[in-house]
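Source file: run-v2.cif; contents: mmCIF, C-alpha atoms.
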```
data_upload
#
loop_
_atom_site.label_atom_id
_atom_site.label_comp_id
_atom_site.auth_asym_id
_atom_site.auth_seq_id
_atom_site.Cartn_x
_atom_site.Cartn_y
_atom_site.Cartn_z
CA MET A 180 70.39 51.18 -43.03
CA PRO A 181 71.64 47.77 -41.73
CA VAL A 182 70.55 48.78 -38.22
CA ALA A 183 67.08 49.87 -39.38
CA ARG A 184 66.67 46.65 -41.40
CA ALA A 185 67.72 44.49 -38.42
CA PHE A 186 65.28 46.37 -36.17
CA ARG A 187 62.44 45.83 -38.66
CA TRP A 188 63.18 42.09 -38.91
CA SER A 189 63.18 41.77 -35.12
CA ILE A 190 59.72 43.40 -34.95
CA LEU A 191 58.39 41.05 -37.65
CA ALA A 192 59.81 38.00 -35.84
CA ALA A 193 58.20 39.04 -32.53
CA SER A 194 54.80 39.56 -34.25
CA ALA A 195 54.99 36.13 -35.88
CA ALA A 196 55.83 34.52 -32.56
CA LEU A 197 52.83 36.14 -30.88
CA ALA A 198 50.51 35.04 -33.70
CA LEU A 199 51.76 31.45 -33.56
CA GLY A 200 51.41 31.44 -29.78
CA GLY A 201 47.76 32.48 -30.07
CA CYS A 202 47.07 29.73 -32.60
CA MET A 203 48.71 27.05 -30.48
CA GLN A 204 46.85 28.00 -27.29
CA THR A 205 44.19 25.44 -26.32
CA THR A 206 40.77 26.38 -25.04
CA GLY A 207 39.68 25.12 -21.58
CA PRO A 208 36.71 22.74 -21.16
CA VAL A 209 33.23 24.25 -21.43
CA ALA A 210 30.51 23.03 -19.06
CA MET A 211 27.23 22.21 -20.79
CA VAL A 212 24.10 22.35 -18.63
CA GLN A 213 21.58 19.67 -19.51
CA PRO A 214 17.85 19.94 -18.73
CA ARG A 215 17.06 18.68 -15.26
CA PRO A 216 14.10 16.29 -15.15
CA ASP A 217 13.61 16.87 -11.43
CA LEU A 218 13.47 20.65 -11.89
CA ASP A 219 10.79 20.29 -14.55
CA SER A 220 8.89 18.03 -12.19
CA MET A 221 9.07 20.64 -9.44
CA ALA A 222 8.03 23.47 -11.74
CA TYR A 223 5.40 21.83 -13.91
CA GLY A 224 4.27 18.77 -11.93
CA GLN A 225 5.61 16.14 -14.32
CA PRO A 226 9.07 14.84 -15.32
CA TYR A 227 10.85 16.35 -18.32
CA GLY A 228 9.85 14.55 -21.49
CA ALA A 229 7.55 12.15 -19.65
CA PRO A 230 4.96 10.43 -21.83
CA GLN A 231 1.37 11.30 -21.02
CA PRO A 232 -0.64 8.58 -19.25
CA VAL A 233 -3.07 6.58 -21.37
CA VAL A 234 -6.47 5.78 -19.88
CA VAL A 235 -8.12 2.59 -21.13
CA ALA A 236 -11.88 2.45 -20.75
CA ASN A 237 -13.58 -0.86 -20.09
CA SER A 238 -17.27 -1.43 -20.48
CA GLY A 239 -17.24 -4.32 -18.02
CA GLY A 240 -16.77 -4.05 -14.30
CA GLY A 241 -15.42 -6.08 -11.43
CA ALA A 242 -12.28 -8.07 -10.93
CA ILE A 243 -13.02 -10.53 -13.75
CA ALA A 244 -13.00 -7.71 -16.30
CA ALA A 245 -9.75 -6.34 -14.87
CA LEU A 246 -8.13 -9.77 -15.03
CA SER A 247 -9.36 -10.31 -18.59
CA ASN A 248 -7.86 -6.97 -19.65
CA SER A 249 -4.53 -7.91 -18.14
CA PHE A 250 -4.52 -11.17 -20.14
CA ALA A 251 -5.33 -9.42 -23.43
CA ALA A 252 -2.87 -6.55 -23.00
CA SER A 253 0.42 -6.99 -24.85
CA PRO A 254 3.62 -6.11 -22.97
CA MET A 255 4.82 -2.55 -23.53
CA PRO A 256 8.51 -1.63 -23.85
CA ALA A 257 9.84 0.06 -20.72
CA GLY A 258 11.19 3.35 -21.97
CA TYR A 259 10.42 5.63 -19.05
CA ALA A 260 9.93 4.97 -15.35
CA GLY A 261 7.63 7.60 -13.90
CA PRO A 262 6.54 8.05 -10.30
CA MET A 263 4.45 5.19 -9.02
CA ALA A 264 0.77 5.87 -8.47
CA GLY A 265 -0.90 5.42 -5.12
CA PRO A 266 -2.44 2.10 -4.13
CA ALA A 267 -5.37 1.16 -6.31
CA ARG A 268 -8.61 0.73 -4.40
CA TYR A 269 -11.61 -0.94 -6.00
CA ASP A 270 -13.83 -1.23 -2.93
CA ALA A 271 -16.70 0.51 -4.76
CA SER A 272 -16.96 -2.22 -7.42
CA TYR A 273 -15.59 -5.11 -5.37
CA HIS A 274 -18.08 -7.91 -4.70
CA LEU A 275 -18.01 -9.28 -1.18
CA ASP A 276 -17.75 -12.95 -0.31
CA ALA A 277 -17.05 -15.30 2.58
CA GLY A 278 -13.80 -14.48 4.36
CA ASP A 279 -13.99 -10.71 3.91
CA LYS A 280 -13.97 -8.73 7.17
CA LEU A 281 -15.97 -5.50 7.19
CA ARG A 282 -16.14 -2.38 9.30
CA VAL A 283 -19.77 -1.30 9.65
CA VAL A 284 -20.42 2.18 11.06
CA VAL A 285 -23.93 3.18 12.10
CA TYR A 286 -23.60 6.86 13.02
CA GLY A 287 -24.86 7.63 16.51
CA GLN A 288 -25.26 3.93 17.36
CA GLU A 289 -22.14 2.64 19.13
CA GLY A 290 -23.77 -0.70 19.88
CA LEU A 291 -24.15 -1.44 16.16
CA THR A 292 -20.82 -0.02 14.98
CA ASN A 293 -18.35 -2.91 14.86
CA SER A 294 -16.26 -5.22 12.67
CA TYR A 295 -18.11 -8.15 11.13
CA ALA A 296 -16.76 -11.14 9.21
CA ILE A 297 -18.72 -12.65 6.34
CA ASP A 298 -19.39 -16.26 7.31
CA ALA A 299 -19.38 -19.36 5.10
CA GLY A 300 -23.02 -18.75 4.28
CA GLY A 301 -22.19 -15.32 2.86
CA SER A 302 -23.83 -13.22 5.60
CA ILE A 303 -22.91 -10.99 8.51
CA THR A 304 -24.83 -11.07 11.78
CA MET A 305 -25.63 -7.77 13.50
CA PRO A 306 -27.56 -6.86 16.66
CA LEU A 307 -31.28 -6.09 16.19
CA ILE A 308 -31.48 -7.14 12.54
CA GLY A 309 -29.70 -10.53 12.65
CA ALA A 310 -28.19 -12.06 9.51
CA VAL A 311 -27.76 -9.79 6.51
CA PRO A 312 -26.75 -11.35 3.14
CA ALA A 313 -23.44 -9.89 1.95
CA ARG A 314 -22.14 -12.29 -0.71
CA GLY A 315 -22.12 -10.73 -4.17
CA ARG A 316 -22.94 -7.24 -2.86
CA THR A 317 -20.78 -4.14 -3.01
CA THR A 318 -20.04 -2.22 0.18
CA ALA A 319 -22.55 0.45 -0.89
CA GLY A 320 -25.21 -2.17 -1.58
CA LEU A 321 -24.68 -3.80 1.80
CA ALA A 322 -24.83 -0.43 3.56
CA GLY A 323 -28.17 0.25 1.86
CA GLU A 324 -29.55 -3.12 2.93
CA ILE A 325 -28.48 -2.60 6.55
CA ALA A 326 -30.03 0.88 6.58
CA ALA A 327 -33.31 -0.45 5.16
CA ARG A 328 -33.54 -3.12 7.86
CA LEU A 329 -32.72 -0.67 10.64
CA ARG A 330 -35.32 1.75 9.30
CA ASN A 331 -37.95 -0.98 9.55
CA GLY A 332 -38.93 -0.43 13.18
CA TYR A 333 -35.56 0.27 14.84
CA ILE A 334 -34.01 3.62 13.80
CA ARG A 335 -35.91 6.43 12.07
CA GLU A 336 -33.20 7.72 9.74
CA PRO A 337 -30.15 5.44 10.00
CA SER A 338 -26.86 6.53 8.42
CA VAL A 339 -24.71 3.51 7.58
CA ALA A 340 -21.24 3.17 6.07
CA VAL A 341 -19.46 -0.08 5.20
CA GLU A 342 -15.77 -0.44 4.34
CA ILE A 343 -13.49 -3.43 3.86
CA ASP A 344 -11.30 -4.06 6.87
CA THR A 345 -9.55 -7.22 5.61
CA TYR A 346 -9.92 -8.96 2.25
CA ARG A 347 -10.46 -12.70 2.01
CA PRO A 348 -7.22 -14.68 1.50
CA PHE A 349 -5.72 -15.99 -1.70
CA PHE A 350 -4.33 -19.48 -2.32
CA ILE A 351 -1.13 -20.57 -4.02
CA LEU A 352 -0.39 -24.18 -4.94
CA GLY A 353 2.17 -26.20 -6.87
CA GLU A 354 5.87 -25.58 -7.26
CA VAL A 355 6.52 -22.97 -4.56
CA SER A 356 8.43 -23.35 -1.31
CA ALA A 357 5.41 -22.96 0.98
CA PRO A 358 2.06 -23.52 -0.77
CA GLY A 359 -1.07 -22.63 1.15
CA GLN A 360 -3.44 -19.82 2.10
CA TYR A 361 -2.18 -16.26 2.67
CA PRO A 362 -3.75 -12.87 3.52
CA TYR A 363 -4.48 -10.76 0.48
CA VAL A 364 -2.70 -7.42 0.17
CA PRO A 365 -4.07 -4.70 -2.16
CA ASN A 366 -2.22 -4.33 -5.49
CA MET A 367 -0.84 -7.86 -5.40
CA THR A 368 0.50 -9.53 -8.52
CA VAL A 369 1.30 -13.16 -9.25
CA GLU A 370 4.98 -12.40 -8.69
CA SER A 371 4.40 -10.95 -5.23
CA ALA A 372 2.18 -13.93 -4.35
CA VAL A 373 5.02 -16.30 -5.29
CA ALA A 374 7.40 -14.26 -3.12
CA ILE A 375 5.01 -14.48 -0.16
CA ALA A 376 4.94 -18.26 -0.62
CA GLY A 377 8.74 -18.46 -0.34
CA GLY A 378 9.61 -18.30 -4.04
CA PHE A 379 9.72 -20.90 -6.78
CA SER A 380 10.85 -24.45 -6.16
CA PRO A 381 13.79 -25.73 -8.26
CA ARG A 382 11.39 -27.53 -10.60
CA ALA A 383 8.96 -24.64 -11.10
CA LYS A 384 7.93 -23.22 -14.43
CA ARG A 385 8.86 -19.59 -13.89
CA ASP A 386 7.40 -17.66 -16.82
CA VAL A 387 3.65 -18.29 -16.53
CA VAL A 388 1.20 -19.66 -13.95
CA THR A 389 -2.48 -20.65 -13.88
CA VAL A 390 -4.89 -18.35 -12.02
CA THR A 391 -8.47 -19.30 -11.11
CA HIS A 392 -10.77 -16.39 -10.29
CA THR A 393 -14.27 -16.89 -8.87
CA GLU A 394 -17.14 -14.43 -8.53
CA ALA A 395 -20.88 -14.75 -8.08
CA GLY A 396 -21.22 -14.95 -11.87
CA GLY A 397 -18.91 -17.95 -12.18
CA SER A 398 -15.25 -18.94 -12.40
CA MET A 399 -12.50 -18.20 -14.91
CA ARG A 400 -9.18 -19.97 -15.30
CA ALA A 401 -6.34 -18.61 -17.42
CA VAL A 402 -2.60 -19.01 -17.96
CA VAL A 403 -1.05 -15.63 -17.18
CA PRO A 404 2.40 -13.95 -16.87
CA LEU A 405 3.92 -13.06 -13.50
CA GLY A 406 2.92 -9.41 -13.67
CA THR A 407 -0.81 -10.18 -13.70
CA PRO A 408 -2.76 -8.59 -10.81
CA LEU A 409 -4.54 -10.84 -8.33
CA ALA A 410 -7.91 -10.40 -6.63
CA PRO A 411 -8.99 -11.64 -3.19
CA GLY A 412 -9.90 -15.32 -3.23
CA ASP A 413 -7.87 -16.12 -6.36
CA THR A 414 -6.03 -19.44 -6.60
CA VAL A 415 -2.56 -19.47 -8.18
CA PHE A 416 -1.12 -22.74 -9.44
CA VAL A 417 2.59 -22.90 -10.32
CA GLY A 418 3.29 -25.78 -12.68
CA GLU A 419 6.37 -27.95 -13.10
CA ARG A 420 8.78 -27.38 -15.96
CA TRP A 421 9.61 -30.28 -18.26
CA PHE A 422 13.31 -29.55 -18.81
#
```

Just give me the structure as structure tokens.
Amino acid sequence: MPVARAFRWSILAASAALALGGCMQTTGPVAMVQPRPDLDSMAYGQPYGAPQPVVVANSGGGAIAALSNSFAASPMPAGYAGPMAGPARYDASYHLDAGDKLRVVVYGQEGLTNSYAIDAGGSITMPLIGAVPARGRTTAGLAGEIAARLRNGYIREPSVAVEIDTYRPFFILGEVSAPGQYPYVPNMTVESAVAIAGGFSPRAKRDVVTVTHTEAGGSMRAVVPLGTPLAPGDTVFVGERWF
């Protein structure tokens, strides 16, 4: 009996030790796989959880309307940085003026196909038809005018295309390192214009500037933030801070 009892107690002790050992054992780390935004972009064409783009319709046209919209728009919180869109082109609605350089293509007529600069009078001068008014026209409107003049006694059915080769320059004045006239680059903002002019001077007011925009319909001047887009021919004035 004492031997059997001792054997039974030894079995109970071993079972208790095994149970305690299982309770004390720690579990290894578990890897959690999070959703991959780039995989969703590859599979579905847009980043995971990306907000849908909002399209704002504007009844007005031209650069003045675009600038007015940028003044009225309130700043939006930056919660998501999506892929940047391609360069915005507004050649179709852009109104030409002195300083713009154009590429005029008259199909089948190499002598007429060339680059033409709009002079101070607002016209381009082409062989056969002479001066053609360009100021205030769109590229499509100018192409139609050139075709009409060529059709009048020169070419039976002319096919003409006009595109902008170089935009007219913009101007930046005031408290920047190098004020003056600079070539316009598509998709420019006030901030990039200041950078092109060498940056702010030590006395510059750095939060807002004054932009003057001129079209055939008149001029508009407004105090705008640095993210405001610029149009060809705009004048940017950087003021001086008072403290």

Give me the result of the PyMOL selection byres ((chain A and resi 352) around 9) on this file, residue by residue, as number ranges by chain.
A: 350-351, 353-355, 357-360, 414-418

Expected selection from the PyMOL selection byres ((chain A and resi 305-307) around 12), given as a VMD selection string:
chain A and resid 281 to 285 288 to 297 302 to 304 308 to 313 325 to 326 328 to 334

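Here the question is which of A:Ala277, A:Met399, A:Leu405, A:Val339 gets nearest to Ala299 (chain A) using all atoms listed in the file, and that residue is A:Ala277.
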
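Here CA of Asp344 (chain A) is placed at a distance of 28.7 Å from CA of Ala401 (chain A).
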
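The interatomic distance for the pair CA of Gly377 (chain A) and CA of Tyr363 (chain A) works out to 15.3 Å.
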
Run the PyMOL selection byres ((chain A and resi 422) around 9) against the file shown and list the residues it catches, as a PyMOL selection string.
chain A and resi 382+420-421
